[in-house]
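Participant: Dropping in data_4.cif, with mmCIF, C-alpha atoms.
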```
data_protein
#
loop_
_atom_site.label_atom_id
_atom_site.label_comp_id
_atom_site.auth_asym_id
_atom_site.auth_seq_id
_atom_site.Cartn_x
_atom_site.Cartn_y
_atom_site.Cartn_z
CA MET A 1 3.71 22.05 13.56
CA MET A 2 7.37 21.63 12.65
CA SER A 3 9.80 21.52 15.54
CA HIS A 4 12.25 24.45 15.63
CA THR A 5 14.42 23.95 18.71
CA ALA A 6 17.87 25.43 19.20
CA GLU A 7 19.39 21.97 18.97
CA LEU A 8 17.56 20.70 15.93
CA SER A 9 15.71 22.71 13.29
CA GLU A 10 15.16 22.75 9.55
CA ASP A 11 17.88 25.41 9.23
CA THR A 12 20.33 23.15 11.07
CA VAL A 13 19.52 20.27 8.76
CA ARG A 14 19.90 22.42 5.65
CA SER A 15 23.27 23.72 6.89
CA THR A 16 24.48 20.14 7.24
CA LEU A 17 23.20 19.28 3.76
CA ALA A 18 25.45 22.02 2.37
CA LYS A 19 28.31 19.56 2.87
CA VAL A 20 26.63 16.94 0.69
CA ARG A 21 27.23 17.31 -3.05
CA THR A 22 24.88 16.29 -5.84
CA PRO A 23 26.21 14.36 -8.85
CA GLU A 24 26.66 17.77 -10.54
CA GLY A 25 28.80 19.02 -7.64
CA VAL A 26 26.15 21.39 -6.25
CA ALA A 27 25.46 21.58 -2.51
CA LEU A 28 22.32 19.58 -1.79
CA SER A 29 21.00 22.37 0.44
CA VAL A 30 20.59 24.71 -2.55
CA SER A 31 19.77 22.09 -5.16
CA PRO A 32 16.24 22.26 -6.62
CA ALA A 33 16.16 18.48 -6.18
CA LEU A 34 15.70 18.93 -2.42
CA ALA A 35 11.90 18.80 -2.42
CA GLY A 36 11.11 18.68 1.28
CA VAL A 37 12.60 18.82 4.78
CA VAL A 38 10.49 17.86 7.80
CA VAL A 39 11.78 17.96 11.38
CA THR A 40 9.50 16.63 14.12
CA SER A 41 10.22 15.21 17.58
CA GLY A 42 13.84 14.43 16.79
CA LYS A 43 12.97 12.70 13.52
CA VAL A 44 14.08 14.10 10.17
CA TYR A 45 12.50 13.27 6.81
CA LEU A 46 13.96 14.43 3.50
CA SER A 47 12.61 14.07 -0.03
CA ILE A 48 14.92 14.38 -3.06
CA ASN A 49 13.17 14.70 -6.41
CA ILE A 50 15.28 13.29 -9.27
CA ASP A 51 15.16 12.10 -12.86
CA PRO A 52 14.51 8.32 -12.80
CA ALA A 53 17.44 7.78 -15.18
CA GLN A 54 19.79 9.26 -12.55
CA ALA A 55 18.60 7.08 -9.66
CA ARG A 56 21.84 5.10 -9.36
CA ALA A 57 24.02 8.21 -9.23
CA TRP A 58 21.74 9.83 -6.66
CA GLU A 59 21.70 6.79 -4.37
CA ASP A 60 25.17 7.75 -3.05
CA VAL A 61 23.85 11.26 -2.40
CA ARG A 62 20.88 9.83 -0.51
CA ILE A 63 23.14 7.73 1.71
CA ALA A 64 25.51 10.64 2.35
CA ALA A 65 22.62 12.94 3.26
CA GLU A 66 21.10 10.35 5.60
CA ASN A 67 24.43 9.76 7.35
CA ALA A 68 25.11 13.50 7.69
CA VAL A 69 21.70 14.16 9.23
CA LYS A 70 21.95 11.17 11.58
CA ALA A 71 25.22 12.60 12.94
CA LEU A 72 23.50 15.81 14.08
CA PRO A 73 22.91 16.21 17.83
CA GLY A 74 19.31 15.56 18.78
CA VAL A 75 18.46 13.40 15.76
CA ALA A 76 16.72 10.21 16.83
CA SER A 77 16.22 8.92 13.28
CA ALA A 78 16.50 10.10 9.70
CA LEU A 79 14.81 8.92 6.52
CA VAL A 80 15.90 10.23 3.13
CA THR A 81 13.81 9.19 0.15
CA LEU A 82 14.38 9.55 -3.59
CA THR A 83 11.27 10.63 -5.47
CA ALA A 84 11.64 9.67 -9.11
CA GLU A 85 8.72 11.14 -10.98
CA ARG A 86 8.32 9.37 -14.29
CA LYS A 87 7.99 11.60 -17.34
CA GLN A 88 5.16 10.97 -19.76
CA ALA A 89 6.41 8.71 -22.52
CA PRO A 90 6.06 10.03 -26.09
CA ALA A 91 3.02 8.77 -27.92
CA ALA A 92 3.63 5.53 -29.80
CA PRO A 93 2.97 5.36 -33.53
CA ALA A 94 -0.59 4.42 -34.36
CA PRO A 95 -0.96 0.61 -34.63
CA ALA A 96 -2.14 -1.16 -37.73
CA ALA A 97 -5.89 -1.21 -38.25
CA HIS A 98 -6.22 -4.92 -37.41
CA ASN A 99 -4.52 -4.45 -34.05
CA HIS A 100 -6.48 -1.44 -32.67
CA GLY A 101 -3.93 -1.17 -29.86
CA HIS A 102 -5.66 -3.73 -27.62
CA ALA A 103 -3.79 -6.40 -25.71
CA HIS A 104 -4.90 -9.86 -26.87
CA GLY A 105 -5.70 -12.70 -24.45
CA GLY A 106 -7.29 -10.45 -21.83
CA ALA A 107 -4.01 -9.73 -20.00
CA PRO A 108 -2.79 -6.16 -19.54
CA ALA A 109 0.80 -5.20 -20.24
CA PRO A 110 3.15 -5.14 -17.23
CA ARG A 111 2.83 -1.98 -15.15
CA GLY A 112 5.83 -0.59 -13.33
CA ILE A 113 8.07 -2.23 -10.78
CA ALA A 114 8.03 -5.81 -9.61
CA VAL A 115 9.17 -6.54 -6.04
CA PRO A 116 11.95 -9.12 -5.58
CA GLY A 117 10.79 -12.14 -3.61
CA VAL A 118 7.09 -11.45 -4.23
CA ALA A 119 5.10 -13.44 -6.79
CA SER A 120 1.91 -11.32 -6.74
CA ILE A 121 0.88 -7.98 -5.23
CA ILE A 122 -2.78 -7.21 -4.54
CA ALA A 123 -4.20 -3.89 -3.38
CA VAL A 124 -7.02 -3.64 -0.85
CA ALA A 125 -8.62 -0.29 -1.55
CA SER A 126 -11.68 1.83 -0.84
CA GLY A 127 -13.09 4.94 -2.40
CA LYS A 128 -13.37 6.56 1.04
CA GLY A 129 -12.14 6.11 4.59
CA GLY A 130 -13.99 4.52 7.48
CA VAL A 131 -15.26 1.42 5.68
CA GLY A 132 -13.02 -1.09 7.50
CA LYS A 133 -10.40 -1.51 4.79
CA SER A 134 -7.48 -2.15 7.15
CA THR A 135 -9.39 -4.70 9.22
CA THR A 136 -10.35 -6.42 5.98
CA SER A 137 -6.70 -6.35 4.83
CA ILE A 138 -5.25 -8.05 7.91
CA ASN A 139 -7.95 -10.72 8.06
CA LEU A 140 -7.70 -11.34 4.31
CA ALA A 141 -3.95 -11.78 4.65
CA ILE A 142 -4.37 -14.31 7.47
CA ALA A 143 -7.12 -16.15 5.57
CA LEU A 144 -4.85 -16.41 2.50
CA ARG A 145 -2.19 -17.80 4.83
CA ASP A 146 -4.69 -20.42 5.96
CA LEU A 147 -5.14 -21.40 2.32
CA GLY A 148 -1.49 -22.41 2.24
CA LEU A 149 0.05 -19.24 0.79
CA LYS A 150 3.10 -17.37 2.05
CA VAL A 151 1.76 -13.87 2.68
CA GLY A 152 3.03 -10.41 3.53
CA LEU A 153 1.12 -7.26 4.49
CA LEU A 154 2.29 -3.75 3.57
CA ASP A 155 0.56 -0.82 5.26
CA ALA A 156 0.65 1.85 2.54
CA ASP A 157 -1.60 4.24 4.47
CA ILE A 158 1.10 6.76 5.41
CA TYR A 159 -1.21 9.27 7.10
CA GLY A 160 -3.15 6.72 9.14
CA PRO A 161 -1.15 3.49 9.55
CA SER A 162 -3.21 0.79 11.25
CA VAL A 163 -1.13 -2.38 10.94
CA PRO A 164 0.91 -1.84 14.15
CA ARG A 165 -2.31 -1.66 16.21
CA LEU A 166 -4.06 -4.46 14.31
CA THR A 167 -1.13 -6.86 14.69
CA GLY A 168 0.03 -5.86 18.17
CA VAL A 169 3.54 -5.26 16.82
CA ALA A 170 5.44 -2.21 18.09
CA GLN A 171 9.15 -2.83 17.62
CA LYS A 172 11.36 -1.16 15.01
CA PRO A 173 12.47 -3.07 11.91
CA GLU A 174 16.10 -4.17 11.75
CA THR A 175 18.27 -3.72 8.67
CA THR A 176 20.62 -5.96 6.73
CA PRO A 177 24.35 -5.64 7.62
CA ASP A 178 24.94 -3.07 4.86
CA GLY A 179 22.15 -0.89 6.28
CA LYS A 180 20.43 -0.51 2.91
CA THR A 181 17.56 -2.95 3.29
CA MET A 182 14.96 -3.29 6.05
CA LEU A 183 13.83 -6.66 7.35
CA PRO A 184 10.06 -7.05 7.66
CA LEU A 185 8.62 -7.75 11.08
CA GLU A 186 6.58 -10.93 11.56
CA ASN A 187 3.45 -11.97 13.40
CA PHE A 188 0.66 -14.49 12.75
CA GLY A 189 2.88 -16.09 10.10
CA LEU A 190 2.83 -12.87 8.04
CA GLN A 191 5.66 -10.60 6.98
CA LEU A 192 4.75 -7.02 7.96
CA MET A 193 5.86 -3.49 7.11
CA SER A 194 4.34 -0.11 7.98
CA ILE A 195 5.48 3.47 8.40
CA GLY A 196 3.91 3.05 11.83
CA PHE A 197 6.85 0.80 12.79
CA LEU A 198 9.26 3.67 12.05
CA VAL A 199 7.53 6.59 13.79
CA GLU A 200 5.67 7.03 17.06
CA GLU A 201 1.91 6.40 16.96
CA ASP A 202 1.04 10.03 17.73
CA THR A 203 3.54 11.56 15.27
CA PRO A 204 1.66 13.56 12.60
CA MET A 205 2.71 12.72 9.04
CA ILE A 206 2.81 16.07 7.24
CA TRP A 207 4.42 14.87 4.04
CA ARG A 208 3.37 16.07 0.62
CA GLY A 209 2.42 13.68 -2.18
CA PRO A 210 5.90 13.00 -3.62
CA MET A 211 7.29 12.14 -0.18
CA VAL A 212 4.38 9.79 0.49
CA MET A 213 4.86 7.92 -2.78
CA SER A 214 8.61 7.73 -2.25
CA ALA A 215 8.11 6.23 1.22
CA ILE A 216 5.68 3.63 -0.16
CA SER A 217 8.11 2.82 -2.97
CA GLN A 218 10.94 2.29 -0.50
CA MET A 219 8.81 0.05 1.72
CA LEU A 220 8.20 -2.05 -1.39
CA LYS A 221 11.69 -2.11 -2.91
CA ASP A 222 14.00 -1.59 0.08
CA VAL A 223 12.49 -4.30 2.29
CA LYS A 224 13.75 -7.87 2.12
CA TRP A 225 10.41 -9.46 1.32
CA GLY A 226 9.91 -13.07 0.59
CA PRO A 227 9.72 -15.55 -0.59
CA LEU A 228 6.04 -14.61 -0.73
CA ASP A 229 3.19 -15.89 -2.86
CA VAL A 230 1.14 -12.76 -2.17
CA LEU A 231 1.85 -9.31 -0.76
CA VAL A 232 -1.38 -7.65 0.41
CA VAL A 233 -1.14 -3.85 0.27
CA ASP A 234 -3.47 -1.91 2.57
CA MET A 235 -3.92 1.15 0.35
CA PRO A 236 -4.63 4.72 1.49
CA PRO A 237 -8.36 5.51 1.28
CA GLY A 238 -9.64 7.45 -1.69
CA THR A 239 -8.65 7.79 -5.34
CA GLY A 240 -6.09 10.61 -5.21
CA ASP A 241 -2.58 11.03 -6.53
CA ALA A 242 -0.93 8.52 -4.17
CA GLN A 243 -3.40 5.78 -5.09
CA LEU A 244 -3.20 6.47 -8.84
CA THR A 245 0.59 6.59 -8.80
CA MET A 246 0.74 3.34 -6.86
CA ALA A 247 -1.59 1.67 -9.37
CA GLN A 248 0.48 2.93 -12.29
CA GLN A 249 3.99 2.32 -10.98
CA VAL A 250 3.57 -1.01 -9.16
CA ASN A 251 2.92 -4.25 -11.02
CA LEU A 252 -0.35 -5.05 -9.24
CA ALA A 253 -1.91 -8.44 -9.92
CA GLY A 254 -5.31 -7.10 -8.92
CA ALA A 255 -7.37 -5.00 -6.53
CA VAL A 256 -10.00 -5.78 -3.90
CA ILE A 257 -12.51 -2.97 -3.32
CA VAL A 258 -14.04 -2.63 0.16
CA SER A 259 -17.35 -0.80 0.62
CA THR A 260 -20.23 -0.54 3.05
CA PRO A 261 -23.82 -0.98 1.81
CA GLN A 262 -25.01 2.64 1.90
CA ASP A 263 -25.31 4.68 -1.28
CA LEU A 264 -22.60 7.24 -0.44
CA ALA A 265 -19.95 4.56 0.09
CA LEU A 266 -21.04 2.79 -3.09
CA ILE A 267 -20.49 5.95 -5.13
CA ASP A 268 -16.91 6.10 -3.85
CA ALA A 269 -16.41 2.37 -4.41
CA ARG A 270 -17.52 2.89 -8.01
CA ARG A 271 -14.78 5.53 -8.37
CA GLY A 272 -12.23 3.08 -6.98
CA VAL A 273 -13.22 0.41 -9.49
CA ALA A 274 -13.07 2.95 -12.33
CA MET A 275 -9.60 4.14 -11.29
CA PHE A 276 -8.07 0.66 -11.29
CA GLU A 277 -9.77 -0.30 -14.54
CA ARG A 278 -8.46 2.87 -16.18
CA VAL A 279 -4.86 1.81 -15.45
CA ASN A 280 -5.52 -1.83 -16.44
CA VAL A 281 -5.41 -3.32 -12.93
CA PRO A 282 -7.81 -6.32 -12.73
CA ILE A 283 -10.60 -6.04 -10.16
CA LEU A 284 -10.45 -9.25 -8.11
CA GLY A 285 -13.76 -8.40 -6.49
CA VAL A 286 -15.84 -6.27 -4.13
CA VAL A 287 -16.32 -6.91 -0.40
CA GLU A 288 -19.36 -5.57 1.43
CA ASN A 289 -18.12 -4.74 4.92
CA MET A 290 -20.46 -3.92 7.84
CA ALA A 291 -23.11 -5.67 5.75
CA TYR A 292 -25.37 -6.16 8.77
CA PHE A 293 -25.21 -5.75 12.55
CA VAL A 294 -25.33 -8.78 14.85
CA CYS A 295 -26.67 -8.03 18.34
CA PRO A 296 -24.23 -9.39 20.94
CA HIS A 297 -27.10 -10.12 23.35
CA CYS A 298 -29.82 -11.78 21.30
CA GLY A 299 -27.93 -12.60 18.10
CA GLY A 300 -30.54 -10.74 16.05
CA ARG A 301 -29.60 -9.19 12.74
CA SER A 302 -30.20 -5.54 11.76
CA ASP A 303 -29.38 -3.96 8.39
CA ILE A 304 -28.44 -0.61 9.87
CA PHE A 305 -26.56 0.54 6.74
CA GLY A 306 -28.95 -1.14 4.34
CA HIS A 307 -27.99 -4.46 2.79
CA GLY A 308 -26.87 -5.89 -0.52
CA GLY A 309 -25.82 -2.57 -2.05
CA ALA A 310 -22.24 -3.64 -2.74
CA HIS A 311 -23.40 -6.93 -4.23
CA ALA A 312 -25.79 -5.12 -6.56
CA GLU A 313 -23.09 -2.60 -7.47
CA ALA A 314 -20.61 -5.36 -8.26
CA ASP A 315 -23.18 -7.01 -10.54
CA LYS A 316 -23.85 -3.67 -12.25
CA LEU A 317 -20.13 -3.08 -12.82
CA GLY A 318 -19.54 -6.65 -13.99
CA VAL A 319 -16.95 -7.47 -11.31
CA PRO A 320 -16.96 -10.41 -8.83
CA PHE A 321 -18.72 -10.08 -5.50
CA LEU A 322 -16.48 -11.70 -2.89
CA GLY A 323 -18.80 -11.74 0.10
CA GLU A 324 -20.14 -9.80 3.04
CA ILE A 325 -18.63 -9.19 6.47
CA PRO A 326 -20.95 -8.42 9.41
CA LEU A 327 -20.60 -5.48 11.77
CA HIS A 328 -19.82 -7.44 14.92
CA MET A 329 -18.44 -6.23 18.24
CA ARG A 330 -16.05 -9.18 18.46
CA ILE A 331 -14.31 -8.10 15.25
CA ARG A 332 -13.87 -4.56 16.59
CA GLU A 333 -12.71 -5.66 20.05
CA MET A 334 -10.15 -8.11 18.77
CA SER A 335 -8.86 -5.68 16.13
CA ASP A 336 -8.25 -3.04 18.80
CA ALA A 337 -6.47 -5.68 20.92
CA GLY A 338 -4.08 -6.63 18.11
CA LEU A 339 -5.66 -10.07 17.73
CA PRO A 340 -7.62 -10.28 14.46
CA ILE A 341 -10.73 -12.43 14.54
CA LEU A 342 -9.05 -15.17 12.48
CA VAL A 343 -6.46 -15.48 15.26
CA SER A 344 -8.60 -14.85 18.36
CA ASP A 345 -11.71 -16.77 17.26
CA PRO A 346 -10.87 -18.82 14.14
CA ASP A 347 -13.96 -21.03 14.40
CA SER A 348 -16.45 -18.15 14.54
CA PRO A 349 -18.91 -17.29 11.75
CA GLN A 350 -17.11 -13.97 11.35
CA ALA A 351 -13.82 -15.77 10.64
CA ASP A 352 -15.62 -17.98 8.14
CA ALA A 353 -16.85 -14.85 6.33
CA TYR A 354 -13.26 -13.67 5.82
CA ARG A 355 -12.22 -17.15 4.65
CA HIS A 356 -15.00 -17.06 2.06
CA VAL A 357 -13.66 -13.74 0.79
CA ALA A 358 -10.09 -15.09 0.69
CA THR A 359 -11.19 -18.14 -1.30
CA GLY A 360 -12.72 -15.84 -3.90
CA VAL A 361 -9.64 -13.63 -3.99
CA LYS A 362 -7.34 -16.61 -4.50
CA ALA A 363 -9.53 -17.96 -7.30
CA ALA A 364 -9.62 -14.57 -9.04
CA LEU A 365 -5.88 -14.15 -8.57
CA ASP A 366 -5.19 -17.61 -10.00
CA LYS A 367 -7.40 -16.80 -12.99
CA ALA A 368 -5.68 -13.44 -13.62
CA THR A 369 -2.25 -15.06 -13.34
CA ALA A 370 -3.23 -17.83 -15.75
CA GLN A 371 -4.53 -15.29 -18.29
CA SER A 372 -1.29 -13.35 -18.06
CA ARG A 373 0.80 -16.45 -18.69
CA GLN A 374 -1.37 -17.60 -21.59
CA ALA A 375 -1.46 -14.25 -23.39
CA PRO A 376 0.08 -14.70 -26.85
CA ARG A 377 2.96 -12.53 -27.93
CA ILE A 378 2.26 -10.11 -30.79
CA VAL A 379 5.08 -10.09 -33.33
CA ILE A 380 5.11 -7.26 -35.86
CA GLU A 381 7.29 -7.93 -38.90
#
```
Give the structure from the file, written as structure tokens.
Facilitator:
Amino acid sequence: MMSHTAELSEDTVRSTLAKVRTPEGVALSVSPALAGVVVTSGKVYLSINIDPAQARAWEDVRIAAENAVKALPGVASALVTLTAERKQAPAAPAPAAHNHGHAHGGAPAPRGIAVPGVASIIAVASGKGGVGKSTTSINLAIALRDLGLKVGLLDADIYGPSVPRLTGVAQKPETTPDGKTMLPLENFGLQLMSIGFLVEEDTPMIWRGPMVMSAISQMLKDVKWGPLDVLVVDMPPGTGDAQLTMAQQVNLAGAVIVSTPQDLALIDARRGVAMFERVNVPILGVVENMAYFVCPHCGGRSDIFGHGGAHAEADKLGVPFLGEIPLHMRIREMSDAGLPILVSDPDSPQADAYRHVATGVKAALDKATAQSRQAPRIVIE
């Protein structure tokens, strides 16, 4: 529920926004660009929906709105985001018959924004929740670090951020002197960012789609990342609007799909692969998580979710199979304690399983990068 106290309410915020003028001179409070106002526990979130071509002019409005709201009594923090929904580009003229519109050399055309200071961005995704995607993301990031890469981890799961708990980090990010750019937090040799660093753990995120995508975009562009070889993005579960928009608007080097062995999860994993392929994002591979259960007492193995389903599905789809991760109590215990298995028990078989996955990811990423660099230019005279 939205907080409506006498001191701070949505009406109070909107009254303050009446003093802020849009580039057209209209009060922001009555402008159709004001897409959302959320007030909860002293925190205020605003979404302003604009034409992408007007982003520079609206940045001053965003800053003015944020400063005006922060000055209100009872406001603990304020976040104002610009949502720039891209319009569908007009259809290009039909290419010559010998071209057929395909990109030569196996490399897709660039997609959307690049992030300063970041060489490659990879998404860790799943077709459904509950398959251990976030645990896979943090351990993959650490394993890539162990391979000599400079790595960052972005928690893009706005509704259920896990990185603060998984890393044991709870402090708020600081900003650069001009207040426009956040500095990532650090632990385990990783640069970290999550909406969970900005709000309390029990604060419900009741944002609509445009506000979610705008927040993810700002955590990508308005954070002083780098220099990083790889930024691992822990994606929201599923294949909805936020995931599709992220895949289309961010220049992803590739995606890692996490699934469990049972048929229902594999159906959703198949949807995840299809979504990324549809927007020309390379599939770096599939990980079978919770592949088998290891008894903590006798060390015996049980295939409680079945076994090998993700491997077979990867083969069927023609994408790499990166490896399997066991369902082991030590992984769960250390994740809950903010000490991933690669930190708490780096010599364990479970840590080796993540390193095997990371080795495959790095090889696939290197191959995709090499293909992109070698793709010939098509010159039409």
Participant: May I ask which of the residues A:Leu322, A:Ala35, A:Leu198, A:Ala312 is the closest one to Lys362 (chain A), counting only C-alpha atoms?
Facilitator: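 Counting only C-alpha atoms, the residue closest to Lys362 (chain A) is A:Leu322.
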Participant: Under the PyMOL selection byres ((chain A and resi 226-238) around 6), which residues of this model are included? Write them out as a CSV table (one decimal) with C-alpha atoms, in the coordinates of the input.
Facilitator:
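See expr_39.csv below for the written result:
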```csv
chain,number,residue,atom,x,y,z
A,117,GLY,CA,10.8,-12.1,-3.6
A,118,VAL,CA,7.1,-11.4,-4.2
A,119,ALA,CA,5.1,-13.4,-6.8
A,120,SER,CA,1.9,-11.3,-6.7
A,121,ILE,CA,0.9,-8.0,-5.2
A,122,ILE,CA,-2.8,-7.2,-4.5
A,123,ALA,CA,-4.2,-3.9,-3.4
A,124,VAL,CA,-7.0,-3.6,-0.8
A,125,ALA,CA,-8.6,-0.3,-1.6
A,126,SER,CA,-11.7,1.8,-0.8
A,127,GLY,CA,-13.1,4.9,-2.4
A,128,LYS,CA,-13.4,6.6,1.0
A,129,GLY,CA,-12.1,6.1,4.6
A,137,SER,CA,-6.7,-6.4,4.8
A,149,LEU,CA,0.0,-19.2,0.8
A,150,LYS,CA,3.1,-17.4,2.0
A,151,VAL,CA,1.8,-13.9,2.7
A,152,GLY,CA,3.0,-10.4,3.5
A,153,LEU,CA,1.1,-7.3,4.5
A,154,LEU,CA,2.3,-3.8,3.6
A,155,ASP,CA,0.6,-0.8,5.3
A,156,ALA,CA,0.6,1.8,2.5
A,157,ASP,CA,-1.6,4.2,4.5
A,225,TRP,CA,10.4,-9.5,1.3
A,239,THR,CA,-8.6,7.8,-5.3
A,240,GLY,CA,-6.1,10.6,-5.2
```
Participant: Excluding same-chain residues fewer than 6 positions from Val163 (chain A), what lies within 8 Å of it counting all atoms listed in the file, as a PyMOL selection string?
Facilitator: chain A and resi 134+138+155+194+196
Participant: Take the residues from that selection and put them in a file with C-alpha atoms, as an mmCIF file, in the coordinates of the input.
Facilitator:
```
data_model
loop_
_atom_site.group_PDB
_atom_site.id
_atom_site.type_symbol
_atom_site.label_atom_id
_atom_site.label_comp_id
_atom_site.auth_asym_id
_atom_site.auth_seq_id
_atom_site.Cartn_x
_atom_site.Cartn_y
_atom_site.Cartn_z
ATOM 1 C CA SER A 134 -7.480 -2.150 7.150
ATOM 2 C CA ILE A 138 -5.250 -8.050 7.910
ATOM 3 C CA ASP A 155 0.560 -0.820 5.260
ATOM 4 C CA SER A 194 4.340 -0.110 7.980
ATOM 5 C CA GLY A 196 3.910 3.050 11.830
#
```
Participant: Pick from A:Asn139, A:Asn49, A:Thr176, A:Thr16: nearest to Arg355 (chain A), with all atoms listed in the file counted?
Facilitator: A:Asn139
Participant: Within 8 Å of His356 (chain A), counting all atoms listed in the file, which residues qualify if same-chain residues fewer than 3 places away don't, as an mmCIF file with C-alpha atoms, in the frame of the given file?
Facilitator:
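Resulting contents of selection09.cif:
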```cif
data_model
loop_
_atom_site.group_PDB
_atom_site.id
_atom_site.type_symbol
_atom_site.label_atom_id
_atom_site.label_comp_id
_atom_site.auth_asym_id
_atom_site.auth_seq_id
_atom_site.Cartn_x
_atom_site.Cartn_y
_atom_site.Cartn_z
ATOM 1 C CA LEU A 322 -16.480 -11.700 -2.890
ATOM 2 C CA GLY A 323 -18.800 -11.740 0.100
ATOM 3 C CA ASP A 352 -15.620 -17.980 8.140
ATOM 4 C CA ALA A 353 -16.850 -14.850 6.330
ATOM 5 C CA THR A 359 -11.190 -18.140 -1.300
ATOM 6 C CA GLY A 360 -12.720 -15.840 -3.900
#
```
Participant: Determine, for each residue of region 142-232 of chain A having at least one atom at most 7 Å from an atom of region 324-346 of chain A, the closest pair of atoms and their separation in Å to one decimal, counting all atoms listed in the file; order by chain and ascending number, as JSON lines.
Facilitator:
```
{"residue": "A:Ile142", "atom": "CA", "partner": "A:Leu342", "partner_atom": "CA", "distance": 6.9}
{"residue": "A:Arg165", "atom": "CA", "partner": "A:Gly338", "partner_atom": "CA", "distance": 5.6}
{"residue": "A:Leu166", "atom": "CA", "partner": "A:Gly338", "partner_atom": "CA", "distance": 4.4}
{"residue": "A:Thr167", "atom": "CA", "partner": "A:Gly338", "partner_atom": "CA", "distance": 4.5}
{"residue": "A:Gly168", "atom": "CA", "partner": "A:Gly338", "partner_atom": "CA", "distance": 4.2}
```
Participant: One number please: CA of Ile63 (chain A) to CA of Pro116 (chain A), in Å, one decimal.
Facilitator: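 So the answer is 21.5 Å.
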Participant: A:Asn280, A:Asn251, A:Ser41, A:Gln191: which is nearest Leu8 (chain A), counting all atoms listed in the file?
Facilitator: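 Among the listed residues, the smallest separation from Leu8 (chain A) belongs to A:Ser41.
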Participant: Give me, as a list in words, all polymer residues having an atom no more than 8 Å from Gly285 (chain A), counting all atoms listed in the file and skipping those fewer than 3 positions away in the same chain.
Facilitator: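 Here the qualifying residues turn out to be Ala255, Val256, Ile257, Ala314, Val319, Pro320, Phe321, Leu322, Gly360, Val361 and Ala364 of chain A.
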Participant: What is the distance, in Å and to one decimal place, between CA of Ala57 (chain A) and CA of Val26 (chain A)?
Facilitator: 13.7 Å
Participant: Which residue is closest to Ala291 (chain A)? Choose from A:Val131, A:Leu144, A:Met275, A:Ile158 and count all atoms listed in the file.
Facilitator: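 When distances to Ala291 (chain A) are compared using all atoms listed in the file, the smallest one comes from A:Val131.
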Participant: Need to verify the contact set: Thr181 (chain A), 8 Å, all atoms listed in the file, exclusion of same-chain residues closer than 6 positions in sequence. Can you return it as a list of chain:residue names?
Facilitator: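 Result of the neighbour search: A:Thr175, A:Asp222, A:Val223, A:Lys224.
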Participant: Provide an axis-aligned box for all listed atoms of region 58-64 of chain A, padding each side by 8 Å; report its centre and its edge lengths in Å to one decimal, as AutoDock Vina command-line options.
Facilitator:
```
--center_x 23.2 --center_y 9.0 --center_z -2.2 --size_x 20.6 --size_y 20.5 --size_z 25.0
```
Participant: Using all atoms listed in the file, which residues sit within 8 Å of Glu288 (chain A) once same-chain residues fewer than 2 positions away are excluded, as a ChimeraX atom specification?
Facilitator: /A:258-261,286,290-291,308-311,323-325
Participant: N, CA and C atoms are what I want for region 355-365 of chain A; can you complete it accordingly and write them as a short mmCIF file (atom, residue, chain, number, x, y, z; two decimals), keeping the file's coordinate frame?
Facilitator:
```cif
data_model
loop_
_atom_site.label_atom_id
_atom_site.label_comp_id
_atom_site.auth_asym_id
_atom_site.auth_seq_id
_atom_site.Cartn_x
_atom_site.Cartn_y
_atom_site.Cartn_z
N ARG A 355 -12.77 -16.04 5.43
CA ARG A 355 -12.22 -17.15 4.65
C ARG A 355 -12.94 -17.27 3.30
N HIS A 356 -14.24 -17.02 3.31
CA HIS A 356 -15.00 -17.06 2.06
C HIS A 356 -14.48 -16.00 1.09
N VAL A 357 -14.22 -14.81 1.62
CA VAL A 357 -13.66 -13.74 0.79
C VAL A 357 -12.29 -14.14 0.24
N ALA A 358 -11.44 -14.69 1.11
CA ALA A 358 -10.09 -15.09 0.69
C ALA A 358 -10.12 -16.16 -0.39
N THR A 359 -11.06 -17.10 -0.28
CA THR A 359 -11.19 -18.14 -1.30
C THR A 359 -11.50 -17.52 -2.66
N GLY A 360 -12.40 -16.53 -2.66
CA GLY A 360 -12.72 -15.84 -3.90
C GLY A 360 -11.56 -15.04 -4.45
N VAL A 361 -10.81 -14.40 -3.56
CA VAL A 361 -9.64 -13.63 -3.99
C VAL A 361 -8.60 -14.55 -4.61
N LYS A 362 -8.33 -15.68 -3.97
CA LYS A 362 -7.34 -16.61 -4.50
C LYS A 362 -7.76 -17.14 -5.87
N ALA A 363 -9.05 -17.45 -6.01
CA ALA A 363 -9.53 -17.96 -7.30
C ALA A 363 -9.39 -16.89 -8.39
N ALA A 364 -9.75 -15.65 -8.06
CA ALA A 364 -9.62 -14.57 -9.04
C ALA A 364 -8.17 -14.30 -9.37
N LEU A 365 -7.30 -14.37 -8.35
CA LEU A 365 -5.88 -14.15 -8.57
C LEU A 365 -5.29 -15.25 -9.44
#
```
